[in-house]
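Asker: First the structure, then my questions, so here it is.
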Amino acid sequence: MSRGATLNLSLALLCLVALIGACLLGSTPLPLESVLRALAGMGPETNQIVVWSIRLPRALAALLVGFTLGVCGAALQGLLRNPLAEPGVLGISATSTLMATVVIYFNVVRLSPWMLPLGAIAGALLSTALLAAAAARTRSVVTLILIGFGLSSFAGAFMSLLLNLAEEAAETSGLNVSRLRLRTVLGSGLAIGAAISLAGAIGFVGLVAPHVVRPLVQHDPARSLLPSGLLAGLLLVLADIGVRLVPTSFELNLGVIAAVLGAPVFIWLVMRREAHRD
């Protein structure tokens with residue numbers, strides 16, 4: 001078995017263990033036997049409801065969102081050849097969140113439950129369309145990063161306005177690089193928009209996971225996609241378990257936990273990158 005296959009299999013098994021742990025742990029821990037019986041549709045009905053309707057769907061959602069952010073982060077870092085590229089850095093997450101907020105603020109969501117995810121996806125596609133247009137006209141990575149920061153600033157300012165008004169809340173081998181760039185950016189926009197509509201804005205997961213994985217796959221961008229997704233999903237499931245176990249009067253936001261853990265890593269990466277330039 002190749003090293004890459006071993007890495008993917010190991011991460012997949014860890015994700016499975018984390019999912020089981022998420023079903024076991026909570027405000028009222030359940031024994032492993034009770035969880036297994038509930039998964040098989042046996043045992044007390046209350047246990048089945050807790051496992052099938054609350055804990056397992058929540059854990060699967062965290063895994064899916066983390067996987068999406070990890071894959072998109074690895075793809076964007078490979079595309080832009082910049083280790084600091086990430087959906088949050090490029091402004092995709094902020095624009096997606098802004099559009100989801102607009103849908104809620106103007107009560108468009110009353111038309112259909114699909115309006116919220118469609119709004120988030122539309123916001124992500126809007127920002128990725130701008131990035132795709134810029135990528136087609138320039139090869140400057142710095143330009144794309146600056147555009148991303150501009151999008152984040154605009155989305156943040158508009159979000160603040162809404163909140164104030166409401167008080168609520170490879171060319172040489174024949175590869176078509178332009179087409180690949182467009183597909184990567186648009187695909188990331190679609191996936192990130194859907195993830196944000198499900199879990200809200202969660203930063204830094206898509207930044208950290210690829211950095212951990214990349215040395216294990218010889219810095220191959222293509223081979224880093226799947227393990228980055230698995231690791232990010234694992235991290236988010238573990239973070240969600242931690243959120244549920246913290247003894248507070250109210251449940252902490254998962255995005256806050258991700259930012260608290262990820263922001264120091266982001267600062268360290270920036271400092272290390274500047275040190276290497278010097």
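Ordering of the structure tokens sets the chain letters (A, B, ...), residue numbers begin anew at 1 in every chain, and ligands are numbered from 1 in the order given.
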Which parts of region 47-233 of chain A does DSSP call alpha helix (DSSP H) when run on the backbone here, written out as a PyMOL selection string?
Answerer: chain A and resi 47-49+56-80+92-105+115-137+141-166+177-199+205-213+225-233
Asker: Just want the 6 Å neighbourhood of region 252-266 of chain A, counted on only C-alpha atoms, with same-chain residues fewer than 5 positions away dropped. Output as a PDB file with N, CA, C and O atoms, in the first residue's frame.
Answerer:
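out25.pdb was written with the following content:
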```
ATOM      1  N   ILE A 202     -16.789  29.409   9.096  1.00  0.00           N
ATOM      2  CA  ILE A 202     -15.796  28.747   9.935  1.00  0.00           C
ATOM      3  C   ILE A 202     -14.433  28.962   9.295  1.00  0.00           C
ATOM      4  O   ILE A 202     -14.155  28.440   8.216  1.00  0.00           O
ATOM      5  N   GLY A 203     -13.610  29.757   9.946  1.00  0.00           N
ATOM      6  CA  GLY A 203     -12.338  30.127   9.360  1.00  0.00           C
ATOM      7  C   GLY A 203     -11.188  29.241   9.788  1.00  0.00           C
ATOM      8  O   GLY A 203     -11.268  28.519  10.782  1.00  0.00           O
ATOM      9  N   PHE A 204     -10.120  29.287   9.009  1.00  0.00           N
ATOM     10  CA  PHE A 204      -8.811  28.728   9.314  1.00  0.00           C
ATOM     11  C   PHE A 204      -8.717  27.208   9.196  1.00  0.00           C
ATOM     12  O   PHE A 204      -7.611  26.678   9.109  1.00  0.00           O
ATOM     13  N   VAL A 243     -17.021  21.663  21.961  1.00  0.00           N
ATOM     14  CA  VAL A 243     -18.026  22.695  22.210  1.00  0.00           C
ATOM     15  C   VAL A 243     -19.148  22.161  23.092  1.00  0.00           C
ATOM     16  O   VAL A 243     -19.635  22.843  23.996  1.00  0.00           O
TER      17      VAL A 243
END
```
Asker: What is the CA of Leu198 (chain A)-CA of Val89 (chain A) distance in Å, reported with one decimal?
Answerer: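 CA of Val89 (chain A) lies at a distance of 19.9 Å from CA of Leu198 (chain A).
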Asker: Within 7 Å of Ser228 (chain A), counting only C-alpha atoms, which residues qualify if same-chain residues fewer than 5 places away don't, as a list in words?
Answerer: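 Near Ser228 (chain A), the qualifying residues are Gly70, Val71, Ala74, Ala209, Pro210 and Val213 of chain A.
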Asker: For the residues in the current selection, export N, CA, C and O atoms as a short mmCIF file (atom, residue, chain, number, x, y, z; two decimals), in the first residue's frame.
Answerer:
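Below is the file out-v7.cif, written as the result:
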```cif
data_model
loop_
_atom_site.label_atom_id
_atom_site.label_comp_id
_atom_site.auth_asym_id
_atom_site.auth_seq_id
_atom_site.Cartn_x
_atom_site.Cartn_y
_atom_site.Cartn_z
N GLY A 70 -11.48 21.87 3.94
CA GLY A 70 -10.13 21.35 3.78
C GLY A 70 -9.76 21.14 2.32
O GLY A 70 -8.67 21.52 1.88
N VAL A 71 -10.67 20.53 1.56
CA VAL A 71 -10.41 20.29 0.13
C VAL A 71 -10.28 21.61 -0.62
O VAL A 71 -9.37 21.80 -1.44
N ALA A 74 -6.98 23.35 0.21
CA ALA A 74 -5.85 22.72 -0.48
C ALA A 74 -5.87 23.05 -1.97
O ALA A 74 -4.81 23.31 -2.57
N ALA A 209 -5.35 22.54 7.77
CA ALA A 209 -5.29 21.13 7.36
C ALA A 209 -4.33 20.88 6.19
O ALA A 209 -3.51 19.96 6.26
N PRO A 210 -4.38 21.66 5.11
CA PRO A 210 -3.43 21.41 4.01
C PRO A 210 -1.98 21.56 4.43
O PRO A 210 -1.11 20.86 3.90
N VAL A 213 -0.94 18.34 6.09
CA VAL A 213 -0.92 17.20 5.17
C VAL A 213 0.18 17.31 4.13
O VAL A 213 0.81 16.31 3.77
#
```
Asker: Just want the 9 Å neighbourhood of region 181-196 of chain A, counted on only C-alpha atoms, with same-chain residues fewer than 6 positions away dropped. Output as a PDB file with N, CA and C atoms, in the first residue's frame.
Answerer:
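The result, written out as out.pdb:
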```pdb
ATOM      1  N   ALA A  61     -22.582  16.562   9.847  1.00  0.00           N
ATOM      2  CA  ALA A  61     -22.546  17.908   9.278  1.00  0.00           C
ATOM      3  C   ALA A  61     -21.181  18.553   9.504  1.00  0.00           C
ATOM      4  N   LEU A  64     -18.691  16.909   7.163  1.00  0.00           N
ATOM      5  CA  LEU A  64     -18.885  17.336   5.778  1.00  0.00           C
ATOM      6  C   LEU A  64     -18.389  18.759   5.553  1.00  0.00           C
ATOM      7  N   VAL A  65     -18.721  19.657   6.482  1.00  0.00           N
ATOM      8  CA  VAL A  65     -18.274  21.046   6.350  1.00  0.00           C
ATOM      9  C   VAL A  65     -16.754  21.129   6.430  1.00  0.00           C
ATOM     10  N   GLY A  66     -16.173  20.418   7.404  1.00  0.00           N
ATOM     11  CA  GLY A  66     -14.723  20.417   7.526  1.00  0.00           C
ATOM     12  C   GLY A  66     -14.047  19.845   6.297  1.00  0.00           C
ATOM     13  N   THR A  68     -15.200  19.810   3.249  1.00  0.00           N
ATOM     14  CA  THR A  68     -15.345  20.790   2.169  1.00  0.00           C
ATOM     15  C   THR A  68     -14.315  21.904   2.287  1.00  0.00           C
ATOM     16  N   LEU A  69     -14.162  22.458   3.493  1.00  0.00           N
ATOM     17  CA  LEU A  69     -13.221  23.551   3.689  1.00  0.00           C
ATOM     18  C   LEU A  69     -11.782  23.087   3.496  1.00  0.00           C
ATOM     19  N   VAL A  71     -10.666  20.534   1.555  1.00  0.00           N
ATOM     20  CA  VAL A  71     -10.409  20.291   0.135  1.00  0.00           C
ATOM     21  C   VAL A  71     -10.281  21.609  -0.622  1.00  0.00           C
ATOM     22  N   CYS A  72     -11.203  22.532  -0.340  1.00  0.00           N
ATOM     23  CA  CYS A  72     -11.163  23.820  -1.039  1.00  0.00           C
ATOM     24  C   CYS A  72      -9.905  24.610  -0.673  1.00  0.00           C
ATOM     25  N   GLY A  73      -9.500  24.553   0.591  1.00  0.00           N
ATOM     26  CA  GLY A  73      -8.285  25.233   0.996  1.00  0.00           C
ATOM     27  C   GLY A  73      -7.067  24.673   0.287  1.00  0.00           C
ATOM     28  N   ALA A  75      -7.068  23.046  -2.573  1.00  0.00           N
ATOM     29  CA  ALA A  75      -7.174  23.342  -3.998  1.00  0.00           C
ATOM     30  C   ALA A  75      -6.766  24.778  -4.303  1.00  0.00           C
ATOM     31  N   LEU A  76      -7.222  25.717  -3.484  1.00  0.00           N
ATOM     32  CA  LEU A  76      -6.900  27.126  -3.712  1.00  0.00           C
ATOM     33  C   LEU A  76      -5.426  27.422  -3.449  1.00  0.00           C
ATOM     34  N   LEU A  79      -3.674  26.110  -6.479  1.00  0.00           N
ATOM     35  CA  LEU A  79      -3.961  26.939  -7.654  1.00  0.00           C
ATOM     36  C   LEU A  79      -3.172  28.238  -7.629  1.00  0.00           C
ATOM     37  N   LEU A  80      -3.187  28.897  -6.468  1.00  0.00           N
ATOM     38  CA  LEU A  80      -2.545  30.199  -6.352  1.00  0.00           C
ATOM     39  C   LEU A  80      -1.067  30.106  -5.976  1.00  0.00           C
ATOM     40  N   PRO A  87     -10.389  29.937   1.688  1.00  0.00           N
ATOM     41  CA  PRO A  87     -11.661  30.600   1.387  1.00  0.00           C
ATOM     42  C   PRO A  87     -11.900  31.869   2.177  1.00  0.00           C
ATOM     43  N   ILE A  92     -14.222  34.639  -0.069  1.00  0.00           N
ATOM     44  CA  ILE A  92     -15.354  33.807  -0.487  1.00  0.00           C
ATOM     45  C   ILE A  92     -16.298  33.563   0.682  1.00  0.00           C
ATOM     46  N   SER A  93     -15.744  33.206   1.844  1.00  0.00           N
ATOM     47  CA  SER A  93     -16.584  32.936   3.012  1.00  0.00           C
ATOM     48  C   SER A  93     -17.349  34.184   3.447  1.00  0.00           C
ATOM     49  N   SER A  96     -20.160  34.961   0.962  1.00  0.00           N
ATOM     50  CA  SER A  96     -21.221  33.966   1.106  1.00  0.00           C
ATOM     51  C   SER A  96     -22.054  34.235   2.350  1.00  0.00           C
ATOM     52  N   THR A  97     -21.377  34.541   3.455  1.00  0.00           N
ATOM     53  CA  THR A  97     -22.086  34.862   4.704  1.00  0.00           C
ATOM     54  C   THR A  97     -22.938  36.117   4.547  1.00  0.00           C
ATOM     55  N   ALA A 100     -26.123  35.270   2.681  1.00  0.00           N
ATOM     56  CA  ALA A 100     -27.033  34.520   3.551  1.00  0.00           C
ATOM     57  C   ALA A 100     -27.718  35.457   4.541  1.00  0.00           C
ATOM     58  N   PRO A 117     -29.633  28.466   1.587  1.00  0.00           N
ATOM     59  CA  PRO A 117     -28.451  27.891   0.915  1.00  0.00           C
ATOM     60  C   PRO A 117     -28.212  28.486  -0.462  1.00  0.00           C
ATOM     61  N   LEU A 118     -29.285  28.811  -1.185  1.00  0.00           N
ATOM     62  CA  LEU A 118     -29.104  29.416  -2.507  1.00  0.00           C
ATOM     63  C   LEU A 118     -28.466  30.794  -2.393  1.00  0.00           C
ATOM     64  N   GLY A 119     -28.845  31.552  -1.362  1.00  0.00           N
ATOM     65  CA  GLY A 119     -28.241  32.859  -1.150  1.00  0.00           C
ATOM     66  C   GLY A 119     -26.766  32.749  -0.813  1.00  0.00           C
ATOM     67  N   ALA A 120     -26.431  31.793   0.060  1.00  0.00           N
ATOM     68  CA  ALA A 120     -25.024  31.591   0.426  1.00  0.00           C
ATOM     69  C   ALA A 120     -24.199  31.171  -0.783  1.00  0.00           C
ATOM     70  N   ILE A 121     -24.757  30.269  -1.600  1.00  0.00           N
ATOM     71  CA  ILE A 121     -24.048  29.821  -2.805  1.00  0.00           C
ATOM     72  C   ILE A 121     -23.906  30.969  -3.799  1.00  0.00           C
ATOM     73  N   ALA A 122     -24.965  31.779  -3.932  1.00  0.00           N
ATOM     74  CA  ALA A 122     -24.896  32.925  -4.845  1.00  0.00           C
ATOM     75  C   ALA A 122     -23.792  33.895  -4.425  1.00  0.00           C
ATOM     76  N   GLY A 123     -23.664  34.130  -3.115  1.00  0.00           N
ATOM     77  CA  GLY A 123     -22.605  35.009  -2.633  1.00  0.00           C
ATOM     78  C   GLY A 123     -21.225  34.452  -2.914  1.00  0.00           C
ATOM     79  N   ALA A 124     -21.062  33.137  -2.694  1.00  0.00           N
ATOM     80  CA  ALA A 124     -19.770  32.509  -2.973  1.00  0.00           C
ATOM     81  C   ALA A 124     -19.456  32.558  -4.466  1.00  0.00           C
ATOM     82  N   LEU A 125     -20.469  32.326  -5.299  1.00  0.00           N
ATOM     83  CA  LEU A 125     -20.252  32.364  -6.751  1.00  0.00           C
ATOM     84  C   LEU A 125     -19.930  33.776  -7.228  1.00  0.00           C
ATOM     85  N   LEU A 126     -20.551  34.771  -6.601  1.00  0.00           N
ATOM     86  CA  LEU A 126     -20.266  36.155  -6.983  1.00  0.00           C
ATOM     87  C   LEU A 126     -18.796  36.493  -6.744  1.00  0.00           C
ATOM     88  N   SER A 127     -18.303  36.124  -5.571  1.00  0.00           N
ATOM     89  CA  SER A 127     -16.899  36.423  -5.263  1.00  0.00           C
ATOM     90  C   SER A 127     -15.955  35.592  -6.118  1.00  0.00           C
ATOM     91  N   THR A 128     -16.285  34.323  -6.341  1.00  0.00           N
ATOM     92  CA  THR A 128     -15.405  33.488  -7.154  1.00  0.00           C
ATOM     93  C   THR A 128     -15.434  33.905  -8.621  1.00  0.00           C
ATOM     94  N   ALA A 129     -16.570  34.470  -9.075  1.00  0.00           N
ATOM     95  CA  ALA A 129     -16.616  34.988 -10.441  1.00  0.00           C
ATOM     96  C   ALA A 129     -15.656  36.155 -10.616  1.00  0.00           C
ATOM     97  N   LEU A 131     -12.978  36.622  -8.770  1.00  0.00           N
ATOM     98  CA  LEU A 131     -11.635  36.051  -8.708  1.00  0.00           C
ATOM     99  C   LEU A 131     -11.266  35.356 -10.019  1.00  0.00           C
ATOM    100  N   ALA A 132     -12.247  34.666 -10.613  1.00  0.00           N
ATOM    101  CA  ALA A 132     -11.986  33.988 -11.880  1.00  0.00           C
ATOM    102  C   ALA A 132     -11.666  34.993 -12.983  1.00  0.00           C
ATOM    103  N   ALA A 133     -12.410  36.112 -12.997  1.00  0.00           N
ATOM    104  CA  ALA A 133     -12.144  37.147 -13.995  1.00  0.00           C
ATOM    105  C   ALA A 133     -10.757  37.748 -13.798  1.00  0.00           C
ATOM    106  N   ALA A 135      -8.234  36.205 -12.334  1.00  0.00           N
ATOM    107  CA  ALA A 135      -7.244  35.173 -12.638  1.00  0.00           C
ATOM    108  C   ALA A 135      -7.015  35.036 -14.134  1.00  0.00           C
ATOM    109  N   ALA A 136      -8.057  35.320 -14.922  1.00  0.00           N
ATOM    110  CA  ALA A 136      -7.926  35.216 -16.376  1.00  0.00           C
ATOM    111  C   ALA A 136      -7.126  36.371 -16.962  1.00  0.00           C
ATOM    112  N   ILE A 202     -16.789  29.409   9.096  1.00  0.00           N
ATOM    113  CA  ILE A 202     -15.796  28.747   9.935  1.00  0.00           C
ATOM    114  C   ILE A 202     -14.433  28.962   9.295  1.00  0.00           C
TER     115      ILE A 202
END
```
Asker: From the options A:Ser10, A:Thr143, A:Thr101, A:Thr28, which residue's atoms come nearest to Leu161 (chain A), counting only C-alpha atoms?
Answerer: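 With only C-alpha atoms as the atom set, the closest residue is A:Thr101.
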Asker: Pick out the residues sitting within 10 Å of Leu245 (chain A), and hand them over as a list in words; count only C-alpha atoms, and ignore anything fewer than 4 positions along from it in its own chain.
Answerer: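 In the requested form, the answer reads Leu25, Gly26, Ser27, Thr28, Pro29, Ala239, Asp240, Ile241 and Glu251 of chain A.
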Asker: How many Å lie between CA of Leu238 (chain A) and CA of Ala18 (chain A), rounded to one decimal?
Answerer: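 We find that CA of Leu238 (chain A) and CA of Ala18 (chain A) lie 6.6 Å from each other.
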Asker: Could you tell me how far CA of Phe67 (chain A) lies from CA of Gly206 (chain A), in Å and to one decimal?
Answerer: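 Computing the Euclidean distance for CA of Phe67 (chain A) and CA of Gly206 (chain A) yields 8.6 Å.
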Asker: Taking only C-alpha atoms into account, name the residue in A:Phe250, A:Tyr105, A:Trp114, A:Phe154 that is nearest to Ser197 (chain A).
Answerer: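 Looking only at the distances to Ser197 (chain A), the closest residue turns out to be A:Trp114.
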Asker: Point out the residue among A:Arg244, A:Arg58, A:Arg110, A:Arg214 with the least atom-to-atom distance to Leu19 (chain A), counting only C-alpha atoms.
Answerer: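 Between A:Arg244, A:Arg58, A:Arg110, A:Arg214, the residue approaching Leu19 (chain A) most closely is A:Arg58.
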